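*Asks:* Following this message is one structure expressed as structure tokens.
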Amino acid sequence: MNNNKYLQLKKLSGPVLILLTLTFCYIYPGSLYMMTGRTDIALSDDTDPAPLPYSYQGLIDTLSKNPKHFFYGSVAVEGQGIEGAVPAWYSWVERWLVIALNSFLPLEQLNAGVVFCVMFLTAMLMYLMARYLGWSQTLAMAAAIAFAFTPFTRARAKVHGMLAGTFHIPAIFLGLYLIARGKSWRSIALGGGLFLLTAMTAHYYVVTSAFLSPLFVLFYFLQPEVKTNYKKASIRLVSAMLPAVLFLVFNLTMPVPDDVQLASSAIPKSGETRTGEIHPFLTYFSAHPIDYISGDIAAGPKDLNPIRSAISSYVLSHLEKSNSHERSNGIRWIMIFLAASAIYYLFFKPDIFTPMQKSSLWIFLGFSAVAFWLSLSPDFPFQGMGLSGLQYKLISQIRVPSRAGIWVNFSVIMMAGIFIHSLCQKQNSTSKKKKIRKQKKQEEKKSLQAQADLPRFFKWMCIPSILPLIVFIELPPFLQNPTTSQVRPIYPLISNIDNCGAGMHFPFTSPTFALRPHYHFLQRMRKSRCLILNQVFDPATAQHILQRFAYHPNLFKALKERPDAVATSLVNFARCLPMTWIVFDTQIPDNFSQKVCHTLGWQWNPDKSCVSEKLTQPMQRKPKEC
């Protein structure tokens with residue numbers, strides 16, 4: 001494909017079909033459950049609230065009942081928190097995907113649908129960027145597979161679905177290439193559209209991209225086409241960036257409508273610490289250098305490569321306070337080898353590259369170094385001197401450094417691709433020489449002569465389809481499947497009821513206290529529209545309830561030693577608000593829950609829910625008043 005031509009969409013049917021098939025394979029069996037509309041099992045590791053069907057139900061209800069709330073920086077979801085609407089920071093890509101997929105997928109499979117779409121989008125944008133650079137279809141397909149289907153993306157698929165879509169990275173660079181090399185306003189519009197798409201991705205990725213933006217600007221102004229007219233190039237870049245910048249400004253300044261009563265701040269401060277020190281997550285969830293040569297550790301250590309399997313086993317046995325999905329940054333070894341070869345020839349035999357290729361290699365080598373540093377502990381290389389610590393000080397919510405590792409993966413693939421493209425270029429050079437401008441002929445001949453001196457080992461990589469096949473086999477699907485988990489049944493007596501009153505899970509759970517029981521509880525509350533005390537965001541209110549009913553060993557001990565006192569306290573609290581339902585934890589004895597239900601005059605059910613006849617009765621007091 002000629003660099004000065006736009007993408008030829010008519011030739012995309014083959015790559016689209018291949019990448020759709022591979023997307024299905026790499027998230028199997030979750031993709032199969034999605035296609036068959038299963039409601040009893042989902043793509044999830046059963047630990048994190050992010051992919052909960054319950055959360056997507058709130059998004060769907062908001063568009064249906066309060067469309068205005070859907071089109072702000074955050075989505076003000078009503079009917080969850082007792083204090084008012086809960087501001088949920090869904091990315092715009094995720095919002096529209098959920099609404100579109102809801103038309104033909106059950107609620108339980110929306111997370112798998114989102115993962116499928118964003119993984120495929122990542123693969124396609126990587127392929128399109130590679131083709132725009134003039135890479136062969138074979139090399140572009142290898143780059144797309146190597147970047148879209150990685151240990152990083154597969155790990156996020158089961159726990160943070162939207163983070164499985166790393167499409168923002170090729171979107172940024174394709175946009176920069178279009179603006180630098182294009183001549184018309186059409187290229188500015190396409191580039192601006194890609195930047196706007198980046199602004200609509202997961203907030204974590206938006207913030208990290210903004211943090212790295214000085215590198216993007218440097219990359220842009222180092223392009224040969226830009227150097228001929230810096231003033232014009234600057235105008236083109238600013239024009240393309242303007243829609244994305246205005247969109248982000250709107251999201252930050254207009255998080256919710258003015259007339260919405262919020263249960264908490266529209267801009268959560270979850271990353272801040274009381275002492276003002278660095279959040280411990282920056283250390284727990286930082287990448288380690290060994291992570292980049294490990295395998296698909298979130299799925300397990302099994303690997304076709306026995307050496308890498310041993311490395312993965314070592315990483316899994318030394319997670320300490322981290323977890324497998326946040327340590328998943330493995331890069332395919334074939335790409336690491338090719339990138340290392342590119343660096344070797346860049347230093348010792350640079351004549352095999354054209355000036356543009358040499359410049360690009362230096363740039364992506366720098367990108368990989370910065371991203372690698374950003375992914376490490378805030379104490380690397382010295383205490384408090386890490387780049388991740390600086391990013392955290394700017395925005396406290398960004399406190400998982402390892403997620404910057406995907407930029408290292410991208411940079412390595414780009415260096416490998418440039419090397420292979422340079423190597424294989426000579427095979428088609430004869431037919432193209434007449435089209436090459438006169439001023440480039442000498443550079444081309446010099447480069448081709450240097451390529452002839454390359455070891456024969458590299459030449460077989462120019463055979464069509466060989467490299468994509470190697471990339472595929474090195475990390476094949478089906479060897480280790482992403483985790484799926486059972487979806488627990490809903491509480492039937494409190495589902496699909498409008499204006500449902502307030503209730504709680506007993507003992508009291510929350511996202512920051514007893515996470516696993518809270519996850520299971522919310523999962524069973526999907527399709528309900530009840531006010532949930534466990535969704536309290538005011539710290540003082542939450543602390544008030546925690547002191548009395550916290551999911552804690554002391555409470556379970558009290559249930560054994562003085563059950564009557566605990567029951568009396570719970571009944572008095574329920575009557576004071578008043579509450580209209582209670583869901584009892586599986587560890588609570590049936591005789592206790594039945595006694596509480598009988599005292600309240602409510603209906604007890606074998607699924608351990610206790611429901612009042614006045615289920616729609618509103619609250620009359622605040623929890624702190626009881």
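Chain labels A, B, ... are given in the sequence in which chains occur in the structure tokens; within each chain residues are numbered consecutively from 1, and ligands are likewise numbered from 1 in the order shown.
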Apply DSSP to the backbone of this structure and, from stretch 336-565 of chain A, keep only the residues in strand (DSSP E or B); write these as a PDB file with N, CA, C and O atoms, in the first residue's frame.
*Replies:*
ATOM      1  N   THR A 484     -13.916 -18.290  33.426  1.00  0.00           N
ATOM      2  CA  THR A 484     -15.347 -18.036  33.476  1.00  0.00           C
ATOM      3  C   THR A 484     -15.863 -18.487  34.838  1.00  0.00           C
ATOM      4  O   THR A 484     -15.219 -19.293  35.515  1.00  0.00           O
ATOM      5  N   SER A 485     -17.002 -17.962  35.236  1.00  0.00           N
ATOM      6  CA  SER A 485     -17.554 -18.324  36.544  1.00  0.00           C
ATOM      7  C   SER A 485     -19.066 -18.417  36.478  1.00  0.00           C
ATOM      8  O   SER A 485     -19.696 -17.832  35.591  1.00  0.00           O
ATOM      9  N   GLN A 486     -19.628 -19.138  37.416  1.00  0.00           N
ATOM     10  CA  GLN A 486     -21.068 -19.289  37.487  1.00  0.00           C
ATOM     11  C   GLN A 486     -21.733 -17.971  37.881  1.00  0.00           C
ATOM     12  O   GLN A 486     -21.210 -17.227  38.706  1.00  0.00           O
ATOM     13  N   CYS A 500     -38.546   0.291  44.453  1.00  0.00           N
ATOM     14  CA  CYS A 500     -38.269  -0.626  45.566  1.00  0.00           C
ATOM     15  C   CYS A 500     -37.618   0.155  46.709  1.00  0.00           C
ATOM     16  O   CYS A 500     -36.808   1.057  46.491  1.00  0.00           O
ATOM     17  N   GLY A 501     -37.975  -0.202  47.942  1.00  0.00           N
ATOM     18  CA  GLY A 501     -37.434   0.491  49.104  1.00  0.00           C
ATOM     19  C   GLY A 501     -36.001   0.111  49.403  1.00  0.00           C
ATOM     20  O   GLY A 501     -35.328  -0.560  48.617  1.00  0.00           O
ATOM     21  N   ALA A 502     -35.549   0.513  50.574  1.00  0.00           N
ATOM     22  CA  ALA A 502     -34.154   0.314  50.954  1.00  0.00           C
ATOM     23  C   ALA A 502     -33.974  -1.002  51.700  1.00  0.00           C
ATOM     24  O   ALA A 502     -34.847  -1.456  52.435  1.00  0.00           O
ATOM     25  N   GLY A 503     -32.813  -1.612  51.500  1.00  0.00           N
ATOM     26  CA  GLY A 503     -32.462  -2.834  52.208  1.00  0.00           C
ATOM     27  C   GLY A 503     -30.965  -2.994  52.250  1.00  0.00           C
ATOM     28  O   GLY A 503     -30.212  -2.104  51.839  1.00  0.00           O
ATOM     29  N   MET A 504     -30.511  -4.138  52.755  1.00  0.00           N
ATOM     30  CA  MET A 504     -29.068  -4.326  52.893  1.00  0.00           C
ATOM     31  C   MET A 504     -28.701  -5.798  52.893  1.00  0.00           C
ATOM     32  O   MET A 504     -29.550  -6.676  53.105  1.00  0.00           O
ATOM     33  N   HIS A 505     -27.471  -6.052  52.630  1.00  0.00           N
ATOM     34  CA  HIS A 505     -26.874  -7.367  52.830  1.00  0.00           C
ATOM     35  C   HIS A 505     -26.408  -7.435  54.276  1.00  0.00           C
ATOM     36  O   HIS A 505     -25.768  -6.514  54.782  1.00  0.00           O
ATOM     37  N   PHE A 506     -26.776  -8.503  54.960  1.00  0.00           N
ATOM     38  CA  PHE A 506     -26.351  -8.672  56.351  1.00  0.00           C
ATOM     39  C   PHE A 506     -25.496  -9.932  56.465  1.00  0.00           C
ATOM     40  O   PHE A 506     -25.897 -10.986  56.015  1.00  0.00           O
ATOM     41  N   PHE A 508     -22.978  -6.394  56.900  1.00  0.00           N
ATOM     42  CA  PHE A 508     -22.742  -5.285  55.982  1.00  0.00           C
ATOM     43  C   PHE A 508     -21.465  -5.505  55.181  1.00  0.00           C
ATOM     44  O   PHE A 508     -20.398  -5.783  55.736  1.00  0.00           O
ATOM     45  N   SER A 510     -19.218  -4.039  51.455  1.00  0.00           N
ATOM     46  CA  SER A 510     -19.052  -2.893  50.561  1.00  0.00           C
ATOM     47  C   SER A 510     -17.871  -3.189  49.639  1.00  0.00           C
ATOM     48  O   SER A 510     -17.138  -4.155  49.860  1.00  0.00           O
ATOM     49  N   PHE A 513     -14.882  -3.326  51.726  1.00  0.00           N
ATOM     50  CA  PHE A 513     -14.950  -4.135  52.938  1.00  0.00           C
ATOM     51  C   PHE A 513     -15.690  -5.417  52.594  1.00  0.00           C
ATOM     52  O   PHE A 513     -16.837  -5.388  52.200  1.00  0.00           O
ATOM     53  N   CYS A 530     -33.815  -1.683  43.675  1.00  0.00           N
ATOM     54  CA  CYS A 530     -33.941  -1.352  45.094  1.00  0.00           C
ATOM     55  C   CYS A 530     -32.832  -0.400  45.527  1.00  0.00           C
ATOM     56  O   CYS A 530     -31.744  -0.382  44.946  1.00  0.00           O
ATOM     57  N   LEU A 531     -33.113   0.365  46.573  1.00  0.00           N
ATOM     58  CA  LEU A 531     -32.075   1.167  47.211  1.00  0.00           C
ATOM     59  C   LEU A 531     -31.256   0.244  48.104  1.00  0.00           C
ATOM     60  O   LEU A 531     -31.821  -0.539  48.881  1.00  0.00           O
ATOM     61  N   ILE A 532     -29.939   0.342  47.990  1.00  0.00           N
ATOM     62  CA  ILE A 532     -29.065  -0.609  48.685  1.00  0.00           C
ATOM     63  C   ILE A 532     -28.182   0.134  49.686  1.00  0.00           C
ATOM     64  O   ILE A 532     -27.353   0.968  49.298  1.00  0.00           O
ATOM     65  N   ALA A 550     -20.795  -4.970  60.620  1.00  0.00           N
ATOM     66  CA  ALA A 550     -19.735  -5.266  59.651  1.00  0.00           C
ATOM     67  C   ALA A 550     -19.541  -6.766  59.447  1.00  0.00           C
ATOM     68  O   ALA A 550     -19.662  -7.563  60.376  1.00  0.00           O
TER      69      ALA A 550
END
*Asks:* As a PyMOL selection string, please: the residues near A:Tyr127 (cut-off 7 Å, only C-alpha atoms, same-chain neighbours under 4 positions excluded).
*Replies:* chain A and resi 123+131+140-141+143-144
*Asks:* Residues of stretch 85-150 of chain A within 9 Å of stretch 173-180 of chain A: nearest atom pair and distance (Å, one decimal) for each, counting only C-alpha atoms, sorted by chain and number, as JSON lines?
*Replies:*
{"residue": "A:Leu125", "atom": "CA", "partner": "A:Leu174", "partner_atom": "CA", "distance": 8.1}
{"residue": "A:Met126", "atom": "CA", "partner": "A:Leu174", "partner_atom": "CA", "distance": 8.6}
{"residue": "A:Leu128", "atom": "CA", "partner": "A:Leu174", "partner_atom": "CA", "distance": 8.0}
{"residue": "A:Met129", "atom": "CA", "partner": "A:Leu174", "partner_atom": "CA", "distance": 5.3}
{"residue": "A:Ala130", "atom": "CA", "partner": "A:Leu174", "partner_atom": "CA", "distance": 8.6}
{"residue": "A:Tyr132", "atom": "CA", "partner": "A:Leu174", "partner_atom": "CA", "distance": 7.9}
{"residue": "A:Leu133", "atom": "CA", "partner": "A:Tyr177", "partner_atom": "CA", "distance": 8.3}
*Asks:* Can I get the selection written as a compact mmCIF listing (two decimals), in the first residue's frame, with N, CA and C atoms?
*Replies:*
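Dumped everything to out.txt:
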# COMPACT_ATOMS: atom_id res chain seq x y z
N LEU A 125 -7.38 -1.90 14.18
CA LEU A 125 -6.63 -0.64 14.13
C LEU A 125 -5.13 -0.89 14.02
N MET A 126 -4.65 -1.93 14.67
CA MET A 126 -3.23 -2.26 14.54
C MET A 126 -2.92 -2.69 13.10
N LEU A 128 -4.62 -1.83 10.37
CA LEU A 128 -4.74 -0.67 9.48
C LEU A 128 -3.54 0.26 9.58
N MET A 129 -3.03 0.44 10.80
CA MET A 129 -1.86 1.29 10.96
C MET A 129 -0.65 0.69 10.24
N ALA A 130 -0.48 -0.63 10.39
CA ALA A 130 0.64 -1.29 9.75
C ALA A 130 0.55 -1.20 8.22
N TYR A 132 -0.99 1.13 6.53
CA TYR A 132 -0.74 2.52 6.14
C TYR A 132 0.76 2.81 6.06
N LEU A 133 1.52 2.14 6.91
CA LEU A 133 2.97 2.33 6.90
C LEU A 133 3.64 1.59 5.73
*Asks:* What does the structure give for the distance between atom CA of A:Thr580 and atom CA of A:Lys622, in Å to one decimal?
*Replies:*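 Atom-to-atom, atom CA of A:Thr580 to atom CA of A:Lys622, that is 14.3 Å.
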*Asks:* Out of A:Ala157, A:Val315, A:Cys626, A:Ile82, which residue has the shortest atom-to-atom distance to A:Leu110 when counting only C-alpha atoms?
*Replies:* A:Ala157
*Asks:* Please, which residues of stretch 222-447 of chain A, numbered as in this document, come out helix (DSSP H, G or I) from DSSP, as a short mmCIF file (atom, residue, chain, number, x, y, z; two decimals) with C-alpha atoms, in the first residue's frame?
*Replies:*
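So out.cif came out as:
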data_model
loop_
_atom_site.label_atom_id
_atom_site.label_comp_id
_atom_site.auth_asym_id
_atom_site.auth_seq_id
_atom_site.Cartn_x
_atom_site.Cartn_y
_atom_site.Cartn_z
CA PRO A 224 10.29 13.85 7.88
CA GLU A 225 7.12 15.30 6.31
CA VAL A 226 6.62 17.65 9.25
CA LYS A 227 10.14 19.07 9.14
CA TYR A 230 6.63 23.27 11.07
CA LYS A 231 4.03 26.04 11.07
CA LYS A 232 1.60 24.22 8.78
CA ALA A 233 2.22 20.95 10.61
CA SER A 234 1.46 22.61 13.95
CA ILE A 235 -1.84 23.97 12.65
CA ARG A 236 -2.81 20.55 11.32
CA LEU A 237 -2.02 18.85 14.63
CA VAL A 238 -3.89 21.41 16.75
CA SER A 239 -6.89 21.23 14.42
CA ALA A 240 -7.02 17.45 14.73
CA MET A 241 -6.60 17.50 18.50
CA LEU A 242 -9.25 20.15 19.15
CA PRO A 243 -12.35 17.86 19.11
CA ALA A 244 -10.76 15.39 21.55
CA VAL A 245 -9.57 18.18 23.87
CA LEU A 246 -12.99 19.85 23.90
CA PHE A 247 -14.64 16.49 24.53
CA LEU A 248 -12.39 15.84 27.53
CA VAL A 249 -12.99 19.34 28.88
CA PHE A 250 -16.74 18.71 28.64
CA ASN A 251 -16.40 15.42 30.54
CA LEU A 252 -14.41 17.04 33.35
CA THR A 253 -16.47 20.19 33.71
CA PHE A 281 -1.12 -0.15 45.24
CA LEU A 282 1.70 1.52 43.32
CA THR A 283 4.08 -0.97 44.85
CA TYR A 284 1.78 -4.00 45.02
CA PRO A 289 11.10 -6.87 34.65
CA ILE A 290 10.60 -10.64 34.58
CA ASP A 291 6.90 -10.13 33.78
CA TYR A 292 7.74 -9.12 30.21
CA ILE A 293 9.19 -12.53 29.35
CA PRO A 306 8.95 -25.04 28.62
CA ILE A 307 11.41 -22.29 29.56
CA ARG A 308 8.71 -19.64 29.56
CA SER A 309 6.42 -22.01 31.47
CA ALA A 310 9.05 -22.21 34.23
CA ILE A 311 9.33 -18.40 34.26
CA SER A 312 5.54 -18.09 34.53
CA SER A 313 5.49 -20.54 37.43
CA TYR A 314 8.13 -18.46 39.18
CA VAL A 315 6.13 -15.25 38.71
CA LEU A 316 2.94 -16.89 39.97
CA SER A 317 4.71 -18.18 43.07
CA TRP A 333 9.47 -13.95 22.42
CA ILE A 334 9.57 -13.80 18.61
CA MET A 335 8.80 -10.08 18.82
CA ILE A 336 11.38 -9.54 21.55
CA PHE A 337 13.97 -11.37 19.41
CA LEU A 338 13.17 -9.33 16.29
CA ALA A 339 13.15 -6.05 18.23
CA ALA A 340 16.51 -6.95 19.80
CA SER A 341 17.85 -7.74 16.32
CA ALA A 342 16.62 -4.36 15.11
CA ILE A 343 18.42 -2.62 17.95
CA TYR A 344 21.61 -4.58 17.24
CA TYR A 345 21.63 -3.58 13.55
CA LEU A 346 20.66 -0.03 14.46
CA PHE A 347 23.84 0.28 16.52
CA PHE A 348 26.25 -1.83 14.48
CA PRO A 350 22.55 0.98 10.53
CA ASP A 351 22.90 1.09 6.73
CA ILE A 352 20.23 -1.61 6.32
CA PRO A 355 16.84 7.40 7.44
CA MET A 356 13.10 7.30 8.19
CA GLN A 357 13.34 3.73 9.53
CA LYS A 358 16.32 4.60 11.70
CA SER A 359 14.47 7.58 13.12
CA SER A 360 11.41 5.44 13.88
CA LEU A 361 13.51 2.78 15.59
CA TRP A 362 15.12 5.34 17.87
CA ILE A 363 11.72 6.80 18.71
CA PHE A 364 10.11 3.47 19.61
CA LEU A 365 13.20 2.42 21.55
CA GLY A 366 12.70 5.57 23.62
CA PHE A 367 8.98 4.87 23.96
CA SER A 368 9.64 1.37 25.26
CA ALA A 369 12.16 2.68 27.81
CA VAL A 370 9.80 5.36 29.15
CA ALA A 371 6.83 2.98 29.29
CA PHE A 372 8.94 0.32 31.00
CA TRP A 373 9.98 2.84 33.66
CA LEU A 374 6.38 4.01 34.08
CA SER A 375 5.23 0.42 34.68
CA LEU A 387 7.90 7.79 37.00
CA SER A 388 4.77 6.03 38.28
CA GLY A 389 5.00 8.05 41.49
CA LEU A 390 4.99 11.30 39.52
CA GLN A 391 1.93 10.21 37.56
CA TYR A 392 0.15 9.29 40.81
CA LYS A 393 0.87 12.70 42.32
CA LEU A 394 -0.79 14.33 39.32
CA PRO A 401 1.71 1.07 37.26
CA SER A 402 1.78 -2.33 35.56
CA ARG A 403 -0.96 -1.24 33.15
CA ALA A 404 1.56 0.97 31.36
CA GLY A 405 3.27 -2.24 30.25
CA ILE A 406 1.06 -2.51 27.17
CA TRP A 407 2.98 0.46 25.73
CA VAL A 408 6.18 -1.58 26.01
CA ASN A 409 4.49 -4.39 24.10
CA PHE A 410 3.41 -2.00 21.36
CA SER A 411 6.86 -0.43 21.03
CA VAL A 412 8.54 -3.83 20.79
CA ILE A 413 6.12 -4.90 18.04
CA MET A 414 6.77 -1.68 16.14
CA MET A 415 10.54 -2.18 16.29
CA ALA A 416 10.14 -5.79 15.16
CA GLY A 417 7.84 -4.70 12.34
CA ILE A 418 10.19 -2.01 11.08
CA PHE A 419 13.04 -4.53 11.05
CA ILE A 420 11.09 -7.16 9.09
CA HIS A 421 9.69 -4.55 6.71
CA SER A 422 13.21 -3.31 6.01
CA LEU A 423 14.40 -6.86 5.46
CA CYS A 424 11.59 -7.86 3.11
CA GLN A 425 11.47 -4.58 1.20
CA LYS A 426 14.17 -5.65 -1.22
CA GLN A 427 12.03 -8.46 -2.62
CA ASN A 428 9.68 -5.95 -4.25
CA SER A 429 12.17 -3.18 -4.87
CA THR A 430 12.84 -3.90 -8.55
CA SER A 431 9.23 -3.36 -9.62
CA LYS A 432 8.98 -0.20 -7.57
CA LYS A 433 12.20 1.53 -8.56
CA LYS A 434 10.59 3.43 -11.40
CA LYS A 435 8.10 4.95 -8.96
CA LYS A 438 15.08 10.42 -7.78
CA GLN A 439 16.26 11.80 -4.44
CA LYS A 440 15.50 8.49 -2.73
CA LYS A 441 17.19 6.15 -5.20
CA GLN A 442 20.63 6.34 -3.66
CA GLU A 443 19.31 5.75 -0.16
CA GLU A 444 17.29 2.77 -1.39
CA LYS A 445 20.22 1.19 -3.20
CA LYS A 446 22.47 1.65 -0.19
CA SER A 447 19.89 0.07 2.08
#
*Asks:* Neighbouring residues of stretch 610-617 of chain A were defined as those with any atom within 7 Å, considering only C-alpha atoms; residues of the same chain fewer than 5 positions away were excluded. Please report them as number ranges by chain.
*Replies:* A: 499-501, 580-583, 597, 602-605
*Asks:* Restricting the output to N, CA and C atoms, write the selected residues as a short mmCIF file (atom, residue, chain, number, x, y, z; two decimals), in the first residue's frame.
*Replies:*
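What follows is the written file result-v4.cif:
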data_model
loop_
_atom_site.label_atom_id
_atom_site.label_comp_id
_atom_site.auth_asym_id
_atom_site.auth_seq_id
_atom_site.Cartn_x
_atom_site.Cartn_y
_atom_site.Cartn_z
N ASN A 499 -39.49 1.45 42.11
CA ASN A 499 -39.62 2.17 43.39
C ASN A 499 -39.45 1.25 44.59
N CYS A 500 -38.55 0.29 44.45
CA CYS A 500 -38.27 -0.63 45.57
C CYS A 500 -37.62 0.16 46.71
N GLY A 501 -37.97 -0.20 47.94
CA GLY A 501 -37.43 0.49 49.10
C GLY A 501 -36.00 0.11 49.40
N THR A 580 -37.09 -2.34 53.89
CA THR A 580 -38.18 -3.18 53.36
C THR A 580 -37.69 -4.57 52.95
N TRP A 581 -36.38 -4.80 53.02
CA TRP A 581 -35.87 -6.13 52.70
C TRP A 581 -34.48 -6.30 53.29
N ILE A 582 -34.10 -7.54 53.54
CA ILE A 582 -32.75 -7.88 54.01
C ILE A 582 -32.33 -9.16 53.30
N VAL A 583 -31.11 -9.20 52.84
CA VAL A 583 -30.52 -10.41 52.27
C VAL A 583 -29.47 -10.92 53.24
N CYS A 597 -36.91 -12.26 60.52
CA CYS A 597 -38.03 -12.09 59.61
C CYS A 597 -39.37 -12.17 60.35
N TRP A 602 -42.11 -10.09 58.20
CA TRP A 602 -41.81 -10.19 56.77
C TRP A 602 -41.82 -11.65 56.33
N GLN A 603 -41.65 -11.84 55.03
CA GLN A 603 -41.61 -13.18 54.45
C GLN A 603 -40.17 -13.65 54.30
N TRP A 604 -39.87 -14.80 54.87
CA TRP A 604 -38.53 -15.39 54.73
C TRP A 604 -38.55 -16.40 53.60
N ASN A 605 -37.49 -16.41 52.81
CA ASN A 605 -37.41 -17.30 51.65
C ASN A 605 -36.17 -18.17 51.74
#
